[in-house]
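Text of model.tsv, listed as TSV, C-alpha atoms:
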```tsv
chain	number	residue	atom	x	y	z
A	1	MET	CA	107.75	22.08	14.83
A	2	HIS	CA	108.60	21.14	18.42
A	3	THR	CA	107.91	24.47	20.10
A	4	ASN	CA	104.44	24.82	18.57
A	5	THR	CA	103.47	21.28	19.57
A	6	VAL	CA	104.61	21.71	23.17
A	7	SER	CA	103.19	25.24	23.43
A	8	ASN	CA	99.81	24.15	22.06
A	9	LEU	CA	99.63	21.25	24.50
A	10	CYS	CA	100.57	23.44	27.47
A	11	HIS	CA	98.14	26.20	26.48
A	12	GLY	CA	95.36	23.63	26.12
A	13	LEU	CA	96.12	22.12	29.54
A	14	LYS	CA	96.10	25.55	31.20
A	15	THR	CA	92.87	26.61	29.51
A	16	CYS	CA	91.06	23.35	30.23
A	17	THR	CA	91.92	23.26	33.91
A	18	LYS	CA	91.00	26.94	34.27
A	19	ASN	CA	87.58	26.17	32.73
A	20	ASN	CA	87.13	22.89	34.67
A	21	CYS	CA	87.21	20.70	31.55
A	22	THR	CA	87.81	17.00	32.07
A	23	THR	CA	89.11	16.22	28.56
A	24	LEU	CA	91.39	17.89	26.03
A	25	LYS	CA	91.51	16.94	22.34
A	26	PHE	CA	94.33	17.75	19.91
A	27	THR	CA	96.27	16.36	16.96
A	28	VAL	CA	98.56	13.40	17.63
A	29	SER	CA	102.35	13.77	17.59
A	30	LYS	CA	105.13	11.65	19.08
A	31	LYS	CA	106.25	14.54	21.29
A	32	THR	CA	102.72	15.09	22.62
A	33	ILE	CA	102.29	11.41	23.44
A	34	SER	CA	105.67	11.37	25.21
A	35	ILE	CA	104.81	14.41	27.33
A	36	LEU	CA	101.37	13.04	28.20
A	37	GLN	CA	102.96	9.73	29.24
A	38	VAL	CA	105.26	11.60	31.65
A	39	LEU	CA	102.28	13.54	33.05
A	40	LEU	CA	100.41	10.24	33.49
A	41	ASN	CA	103.38	8.55	35.18
A	42	GLU	CA	103.74	11.48	37.59
A	43	GLY	CA	100.00	11.56	38.40
A	44	PHE	CA	99.08	14.86	36.74
A	45	ILE	CA	96.47	13.36	34.37
A	46	ARG	CA	94.11	10.36	34.58
A	47	GLY	CA	95.08	8.99	31.18
A	48	TYR	CA	94.86	9.49	27.43
A	49	PHE	CA	93.77	7.63	24.33
A	50	ILE	CA	93.94	8.04	20.56
A	51	GLU	CA	90.87	8.17	18.35
A	52	THR	CA	90.40	8.50	14.60
A	53	GLU	CA	87.91	10.95	13.14
A	54	ASN	CA	87.56	11.47	9.37
A	55	ASN	CA	90.88	9.65	8.78
A	56	LYS	CA	92.68	12.02	11.18
A	57	LYS	CA	94.16	10.89	14.48
A	58	PHE	CA	93.48	12.84	17.64
A	59	ILE	CA	94.60	12.32	21.20
A	60	ILE	CA	92.19	12.79	24.09
A	61	ALA	CA	93.78	13.63	27.45
A	62	LEU	CA	91.76	12.85	30.58
A	63	LEU	CA	92.44	15.60	33.10
A	64	LYS	CA	92.23	15.52	36.88
A	65	LEU	CA	90.05	18.10	38.57
A	66	LEU	CA	91.33	18.53	42.08
A	67	PRO	CA	90.15	21.44	44.25
A	68	ASP	CA	92.87	24.00	44.97
A	69	GLN	CA	95.41	22.08	42.86
A	70	ASN	CA	95.52	23.81	39.51
A	71	PHE	CA	99.09	22.68	38.84
A	72	PHE	CA	98.79	23.41	35.12
A	73	ALA	CA	98.42	27.12	35.95
A	74	ARG	CA	102.09	26.93	36.93
A	75	LEU	CA	103.10	25.11	33.75
A	76	ARG	CA	105.78	26.91	31.75
A	77	VAL	CA	107.10	26.02	28.30
A	78	ILE	CA	110.86	26.34	27.95
A	79	LYS	CA	111.55	28.30	24.77
A	80	LEU	CA	114.03	26.50	22.57
A	81	SER	CA	116.59	28.52	20.66
A	82	LYS	CA	119.97	28.01	19.05
A	83	LYS	CA	121.46	28.66	22.50
A	84	THR	CA	119.32	26.04	24.25
A	85	SER	CA	121.59	24.21	26.57
A	86	PHE	CA	121.84	20.75	27.98
A	87	THR	CA	120.94	20.48	31.68
A	88	ASN	CA	123.21	18.19	33.68
A	89	PHE	CA	121.37	15.77	36.00
A	90	LYS	CA	123.27	17.26	38.97
A	91	LYS	CA	121.59	20.62	38.32
A	92	LEU	CA	118.22	18.86	38.21
A	93	LYS	CA	118.90	17.43	41.64
A	94	ASN	CA	119.27	20.92	43.09
A	95	ASN	CA	115.92	21.97	41.59
A	96	SER	CA	113.88	18.90	42.51
A	97	ASN	CA	113.10	19.73	46.14
A	98	GLY	CA	109.45	20.30	46.95
A	99	PHE	CA	106.83	20.47	44.21
A	100	ASN	CA	108.72	20.82	40.96
A	101	LEU	CA	108.44	18.77	37.80
A	102	SER	CA	110.49	19.26	34.67
A	103	ILE	CA	109.96	17.35	31.46
A	104	LEU	CA	113.16	16.79	29.54
A	105	SER	CA	114.16	15.45	26.17
A	106	THR	CA	117.06	13.05	26.81
A	107	LYS	CA	119.04	10.53	24.81
A	108	LYS	CA	116.72	7.89	26.32
A	109	GLY	CA	113.56	9.76	25.30
A	110	VAL	CA	111.23	12.24	26.99
A	111	MET	CA	111.13	11.86	30.77
A	112	SER	CA	110.59	13.70	34.03
A	113	ASN	CA	113.38	15.15	36.13
A	114	VAL	CA	112.65	12.36	38.66
A	115	GLU	CA	113.31	9.66	36.02
A	116	ALA	CA	116.38	11.53	34.75
A	117	LEU	CA	117.82	11.68	38.27
A	118	LYS	CA	117.28	7.94	38.75
A	119	SER	CA	118.97	7.26	35.40
A	120	LYS	CA	121.70	9.84	36.12
A	121	ILE	CA	121.22	11.54	32.76
A	122	GLY	CA	120.58	15.11	31.78
A	123	GLY	CA	118.73	16.58	28.84
A	124	VAL	CA	117.06	19.62	27.34
A	125	LYS	CA	114.16	21.00	29.40
A	126	LEU	CA	110.87	21.24	27.51
A	127	VAL	CA	108.39	22.09	30.29
A	128	ASP	CA	108.49	23.11	33.94
A	129	ILE	CA	105.67	22.84	36.48
A	130	THR	CA	106.66	24.64	39.67
```

Could you rewrite the structure in this file as structure tokens?
Amino acid sequence: MHTNTVSNLCHGLKTCTKNNCTTLKFTVSKKTISILQVLLNEGFIRGYFIETENNKKFIIALLKLLPDQNFFARLRVIKLSKKTSFTNFKKLKNNSNGFNLSILSTKKGVMSNVEALKSKIGGVKLVDIT
């Protein structure tokens, strides 16, 4: 399920950065890879790779350890419900001043609010880092 995948990833990122871990390992999913790619594109992680262990695929995220920049502590999963609404790109524009990153699911795939603004498309928010 989407919410569990995103929640598990976010919880792992928060815990690892709090404990000064440099890598995070979890089960592969398309949603996880998409979110990690956005985090890589925006400079929040150093990279990621997929490895196979006992015929099971895992993804290893390479985290950045920057003093006084625990941005994953401010990471918030957007709870999806039946009332989850589409966010127009114009509303994203109003929220994108300063340090704020949203990860959205759009008709063109998972992307950051910065990419969505450039493409002039909205989507459903999955994660916020404020």

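Shortest separation to Arg76 in chain A among A:Asn113, A:Ser105, A:Asn20, A:Ser7 occurs at residue A:Ser7, atoms counted being all atoms listed in the file.
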
**OP:** Find the spatial neighbours of range 56-71 of chain A, counting all atoms listed in the file, within a cut-off of 9 Å - ignore same-chain residues fewer than 2 positions away - and output them as an MDAnalysis selection string.
**Re:** chainID A and resid 13:14 16:18 20:29 32:33 36 43:54 73:75 129:130

Show me, as a CSV table (one decimal) with C-alpha atoms, in the frame of the given file, the residues that have an atom within 10 Å of Gly123 in chain A when counting all atoms listed in the file, minus same-chain residues fewer than 3 positions from it.
```
chain,number,residue,atom,x,y,z
A,85,SER,CA,121.6,24.2,26.6
A,86,PHE,CA,121.8,20.8,28.0
A,87,THR,CA,120.9,20.5,31.7
A,88,ASN,CA,123.2,18.2,33.7
A,89,PHE,CA,121.4,15.8,36.0
A,92,LEU,CA,118.2,18.9,38.2
A,103,ILE,CA,110.0,17.4,31.5
A,104,LEU,CA,113.2,16.8,29.5
A,105,SER,CA,114.2,15.4,26.2
A,106,THR,CA,117.1,13.0,26.8
A,107,LYS,CA,119.0,10.5,24.8
A,108,LYS,CA,116.7,7.9,26.3
A,109,GLY,CA,113.6,9.8,25.3
A,110,VAL,CA,111.2,12.2,27.0
A,111,MET,CA,111.1,11.9,30.8
A,113,ASN,CA,113.4,15.2,36.1
A,116,ALA,CA,116.4,11.5,34.8
A,126,LEU,CA,110.9,21.2,27.5
```

Using the file's own x, y and z axes, what box holds all listed atoms of range 4-22 of chain A with 5 Å on each side, keeping edges along x, y and z, and what are its centre and edge lengths in Å to one decimal, as AutoDock Vina command-line options?
```
--center_x 95.9 --center_y 22.0 --center_z 26.6 --size_x 27.5 --size_y 19.9 --size_z 26.1
```

With all atoms listed in the file as the counted atoms, please give the residues lying no more than 6 Å from Ser102 in chain A, apart from itself and same-chain residues fewer than 6 positions off, as a PDB file with C-alpha atoms, keeping the file's coordinate frame.
```
ATOM      1  CA  SER A 112     110.590  13.700  34.030  1.00  0.00           C
ATOM      2  CA  ASN A 113     113.380  15.150  36.130  1.00  0.00           C
ATOM      3  CA  VAL A 127     108.390  22.090  30.290  1.00  0.00           C
ATOM      4  CA  ASP A 128     108.490  23.110  33.940  1.00  0.00           C
TER       5      ASP A 128
END
```

Subject >> Gap from CA of Asn100 in chain A to CA of Asn19 in chain A - Å, one decimal >> reply: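 We find that CA of Asn100 in chain A and CA of Asn19 in chain A lie 23.3 Å from each other.
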
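Using only C-alpha atoms for every distance, the candidate list A:Asn41, A:Val6, A:Lys79, A:Phe72 yields A:Asn41 as the residue closest to Glu115 in chain A.
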
Original post:
So how many Å separate CA of Ile78 in chain A and CA of Lys125 in chain A, to one decimal?
Top reply: 6.4 Å

**OP:** Could you please determine the separation between CA of Gly12 in chain A and CA of Val124 in chain A in Å, to one decimal place?
**Re:**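 Separation between CA of Gly12 in chain A and CA of Val124 in chain A: 22.1 Å.
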
Could I see range 98-122 of chain A restored to N, CA and C atoms, set down as a PDB file, keeping the file's coordinate frame?
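To be explicit, this is the file written out as part27.pdb:
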```pdb
ATOM      1  N   GLY A  98     110.804  19.790  46.910  1.00  0.00           N
ATOM      2  CA  GLY A  98     109.450  20.300  46.950  1.00  0.00           C
ATOM      3  C   GLY A  98     108.671  19.926  45.703  1.00  0.00           C
ATOM      4  N   PHE A  99     107.686  20.744  45.367  1.00  0.00           N
ATOM      5  CA  PHE A  99     106.830  20.470  44.210  1.00  0.00           C
ATOM      6  C   PHE A  99     107.427  21.109  42.983  1.00  0.00           C
ATOM      7  N   ASN A 100     108.119  20.320  42.183  1.00  0.00           N
ATOM      8  CA  ASN A 100     108.720  20.820  40.960  1.00  0.00           C
ATOM      9  C   ASN A 100     108.852  19.643  40.000  1.00  0.00           C
ATOM     10  N   LEU A 101     108.298  19.792  38.815  1.00  0.00           N
ATOM     11  CA  LEU A 101     108.440  18.770  37.800  1.00  0.00           C
ATOM     12  C   LEU A 101     108.957  19.419  36.532  1.00  0.00           C
ATOM     13  N   SER A 102     109.990  18.843  35.976  1.00  0.00           N
ATOM     14  CA  SER A 102     110.490  19.260  34.670  1.00  0.00           C
ATOM     15  C   SER A 102     110.326  18.077  33.733  1.00  0.00           C
ATOM     16  N   ILE A 103     110.007  18.380  32.496  1.00  0.00           N
ATOM     17  CA  ILE A 103     109.960  17.350  31.460  1.00  0.00           C
ATOM     18  C   ILE A 103     111.105  17.638  30.516  1.00  0.00           C
ATOM     19  N   LEU A 104     111.942  16.626  30.327  1.00  0.00           N
ATOM     20  CA  LEU A 104     113.160  16.790  29.540  1.00  0.00           C
ATOM     21  C   LEU A 104     113.164  15.866  28.327  1.00  0.00           C
ATOM     22  N   SER A 105     113.871  16.293  27.307  1.00  0.00           N
ATOM     23  CA  SER A 105     114.160  15.450  26.170  1.00  0.00           C
ATOM     24  C   SER A 105     115.590  14.946  26.376  1.00  0.00           C
ATOM     25  N   THR A 106     115.752  13.639  26.550  1.00  0.00           N
ATOM     26  CA  THR A 106     117.060  13.050  26.810  1.00  0.00           C
ATOM     27  C   THR A 106     117.430  12.067  25.715  1.00  0.00           C
ATOM     28  N   LYS A 107     118.633  11.533  25.794  1.00  0.00           N
ATOM     29  CA  LYS A 107     119.040  10.530  24.810  1.00  0.00           C
ATOM     30  C   LYS A 107     118.244   9.240  24.952  1.00  0.00           C
ATOM     31  N   LYS A 108     117.569   9.063  26.100  1.00  0.00           N
ATOM     32  CA  LYS A 108     116.720   7.890  26.320  1.00  0.00           C
ATOM     33  C   LYS A 108     115.242   8.202  26.118  1.00  0.00           C
ATOM     34  N   GLY A 109     114.936   9.370  25.560  1.00  0.00           N
ATOM     35  CA  GLY A 109     113.560   9.760  25.300  1.00  0.00           C
ATOM     36  C   GLY A 109     113.099  10.866  26.230  1.00  0.00           C
ATOM     37  N   VAL A 110     111.814  11.203  26.146  1.00  0.00           N
ATOM     38  CA  VAL A 110     111.230  12.240  26.990  1.00  0.00           C
ATOM     39  C   VAL A 110     110.928  11.644  28.354  1.00  0.00           C
ATOM     40  N   MET A 111     111.344  12.352  29.415  1.00  0.00           N
ATOM     41  CA  MET A 111     111.130  11.860  30.770  1.00  0.00           C
ATOM     42  C   MET A 111     111.090  13.009  31.756  1.00  0.00           C
ATOM     43  N   SER A 112     110.642  12.702  32.962  1.00  0.00           N
ATOM     44  CA  SER A 112     110.590  13.700  34.030  1.00  0.00           C
ATOM     45  C   SER A 112     111.969  13.867  34.658  1.00  0.00           C
ATOM     46  N   ASN A 113     112.121  14.953  35.418  1.00  0.00           N
ATOM     47  CA  ASN A 113     113.380  15.150  36.130  1.00  0.00           C
ATOM     48  C   ASN A 113     113.613  14.037  37.148  1.00  0.00           C
ATOM     49  N   VAL A 114     112.533  13.469  37.691  1.00  0.00           N
ATOM     50  CA  VAL A 114     112.650  12.360  38.660  1.00  0.00           C
ATOM     51  C   VAL A 114     113.267  11.136  37.975  1.00  0.00           C
ATOM     52  N   GLU A 115     112.764  10.799  36.782  1.00  0.00           N
ATOM     53  CA  GLU A 115     113.310   9.660  36.020  1.00  0.00           C
ATOM     54  C   GLU A 115     114.751   9.934  35.592  1.00  0.00           C
ATOM     55  N   ALA A 116     115.023  11.171  35.183  1.00  0.00           N
ATOM     56  CA  ALA A 116     116.380  11.530  34.750  1.00  0.00           C
ATOM     57  C   ALA A 116     117.370  11.408  35.911  1.00  0.00           C
ATOM     58  N   LEU A 117     116.953  11.815  37.097  1.00  0.00           N
ATOM     59  CA  LEU A 117     117.820  11.680  38.270  1.00  0.00           C
ATOM     60  C   LEU A 117     118.117  10.218  38.573  1.00  0.00           C
ATOM     61  N   LYS A 118     117.085   9.373  38.503  1.00  0.00           N
ATOM     62  CA  LYS A 118     117.280   7.940  38.750  1.00  0.00           C
ATOM     63  C   LYS A 118     118.240   7.334  37.734  1.00  0.00           C
ATOM     64  N   SER A 119     118.134   7.784  36.478  1.00  0.00           N
ATOM     65  CA  SER A 119     118.970   7.260  35.400  1.00  0.00           C
ATOM     66  C   SER A 119     120.318   7.966  35.322  1.00  0.00           C
ATOM     67  N   LYS A 120     120.471   9.030  36.117  1.00  0.00           N
ATOM     68  CA  LYS A 120     121.700   9.840  36.120  1.00  0.00           C
ATOM     69  C   LYS A 120     122.032  10.372  34.730  1.00  0.00           C
ATOM     70  N   ILE A 121     120.999  10.916  34.066  1.00  0.00           N
ATOM     71  CA  ILE A 121     121.220  11.540  32.760  1.00  0.00           C
ATOM     72  C   ILE A 121     120.568  12.915  32.743  1.00  0.00           C
ATOM     73  N   GLY A 122     121.120  13.772  31.951  1.00  0.00           N
ATOM     74  CA  GLY A 122     120.580  15.110  31.780  1.00  0.00           C
ATOM     75  C   GLY A 122     119.830  15.192  30.456  1.00  0.00           C
TER      76      GLY A 122
END
```
